[in-house]
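Visitor: Just passing along the structure, written as structure tokens.
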Amino acid sequence: MTDVEVLVKPGCHLCADAVAVTAEVCAEFGLEHRTSDISQDPVLAEQFAEEIPVLRIDGVPRDFWRFDAARLRRMLSEATG
């Protein structure tokens, strides 16, 4: 199963948009996604502080800031293909 995760932080206006795009595209593929709040994990907060939101597919960072639905579809096609 493909693991789709969006790293977010409180008060991030781009995060809500990223989660919405991710939810829409994941639904097309019949996939679940999850969100992780980097403010709850000091290692993630240090690593991704300037790039939030971050999309990780199977643990690999694949996108950040503004998520594009078409690009996400291509990435998920590759990951699930």
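As shown in the structure tokens, the chain order sets the letters A, B, ...; within each chain, residues go from 1, and ligands are also counted from 1 in the order they appear.
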When DSSP works through the backbone of this structure, what residues of chain A end up as strand (DSSP E), shown as a list in words?
Guide: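 For chain A, the strand (DSSP E) set is Val4, Glu5, Val6, Leu7, Val8, Arg34, Thr35, Ser36, Asp37, Val54, Leu55, Arg56, Ile57, Val60, Pro61, Arg62, Asp63 and Phe64 of chain A.
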Visitor: Mind checking which residues fall within 9 Å of Gly59 of chain A, counting only C-alpha atoms, ignoring those fewer than 3 positions away in the same chain, and posting them as a list in words?
Guide: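 Those residues are Asp3, Val4, Glu5 and Arg56 of chain A.
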Visitor: For N, CA and C atoms, I'd like the residues from the last selection saved as a PDB file, in the first residue's frame.
Guide:
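Saved as again_7.pdb:
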```pdb
ATOM      1  N   ASP A   3       2.031   4.813   0.956  1.00  0.00           N
ATOM      2  CA  ASP A   3       1.873   5.693   2.109  1.00  0.00           C
ATOM      3  C   ASP A   3       1.982   7.147   1.640  1.00  0.00           C
ATOM      4  N   VAL A   4       0.898   7.894   1.805  1.00  0.00           N
ATOM      5  CA  VAL A   4       0.862   9.303   1.413  1.00  0.00           C
ATOM      6  C   VAL A   4       0.695  10.137   2.674  1.00  0.00           C
ATOM      7  N   GLU A   5       1.656  11.015   2.904  1.00  0.00           N
ATOM      8  CA  GLU A   5       1.670  11.820   4.123  1.00  0.00           C
ATOM      9  C   GLU A   5       1.910  13.284   3.765  1.00  0.00           C
ATOM     10  N   ARG A  56       5.051  13.596   1.350  1.00  0.00           N
ATOM     11  CA  ARG A  56       5.936  12.432   1.335  1.00  0.00           C
ATOM     12  C   ARG A  56       5.149  11.241   0.817  1.00  0.00           C
TER      13      ARG A  56
END
```
Visitor: Pick from A:Met75, A:Pro53, A:Val43, A:Pro61: nearest to Ala20 of chain A, with only C-alpha atoms counted?
Guide: A:Pro53
Visitor: Within 8 Å of Ile52 of chain A, counting only C-alpha atoms, which residues qualify if same-chain residues fewer than 2 places away don't, as a list of chain:residue names?
Guide: A:Leu7, A:Val8, A:Lys9, A:Cys12, A:Leu14, A:Cys15, A:Phe48, A:Ala49, A:Glu50, A:Val54, A:Phe64, A:Trp65
Visitor: Interatomic distance between atom CA of Gly11 of chain A and atom CA of Arg66 of chain A?
Guide: 15.4 Å
Visitor: Counting only C-alpha atoms, what is within 8 Å of segment 21-28 of chain A, bar same-chain residues fewer than 4 positions away, as a ChimeraX atom specification?
Guide: /A:6,17,32-33,67-69,72-73
Visitor: List every residue of segment 10-76 of chain A that DSSP, applied to the backbone of this structure, places in helix (DSSP H, G or I), and write the result as a VMD selection string.
Guide: chain A and resid 13 to 28 38 to 40 42 to 48 69 to 76
Visitor: Check the smallest atom-to-atom distance from each of A:Leu31, A:Ile38, A:Ala70, A:Ala79 to Glu51 of chain A using only C-alpha atoms, then report the winner.
Guide: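 Among the listed residues, A:Ile38 lies closest to Glu51 of chain A.
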Visitor: Any idea what the distance is between atom CA of Met1 of chain A and atom CA of Ser36 of chain A?
Guide: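 Calculated distance between atom CA of Met1 of chain A and atom CA of Ser36 of chain A is 18.3 Å.
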Visitor: Could you state the separation of atom CA of Asp37 of chain A and atom CA of His13 of chain A in Å, given to one decimal place?
Guide: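 Computing it gives 13.7 Å between the two atoms.
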Visitor: Please determine, counting only C-alpha atoms, which residue among A:Val19, A:Glu78, A:Glu46, A:Arg71 has the shortest atom-to-atom distance to Asp58 of chain A.
Guide: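 Of all the options, A:Glu78 lies closest to Asp58 of chain A.
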Visitor: Between A:Ala45, A:Thr80, A:Gln40, A:Arg74, single out the one closest to Thr2 of chain A, counting only C-alpha atoms.
Guide: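 Smallest distance to Thr2 of chain A is found for A:Thr80.
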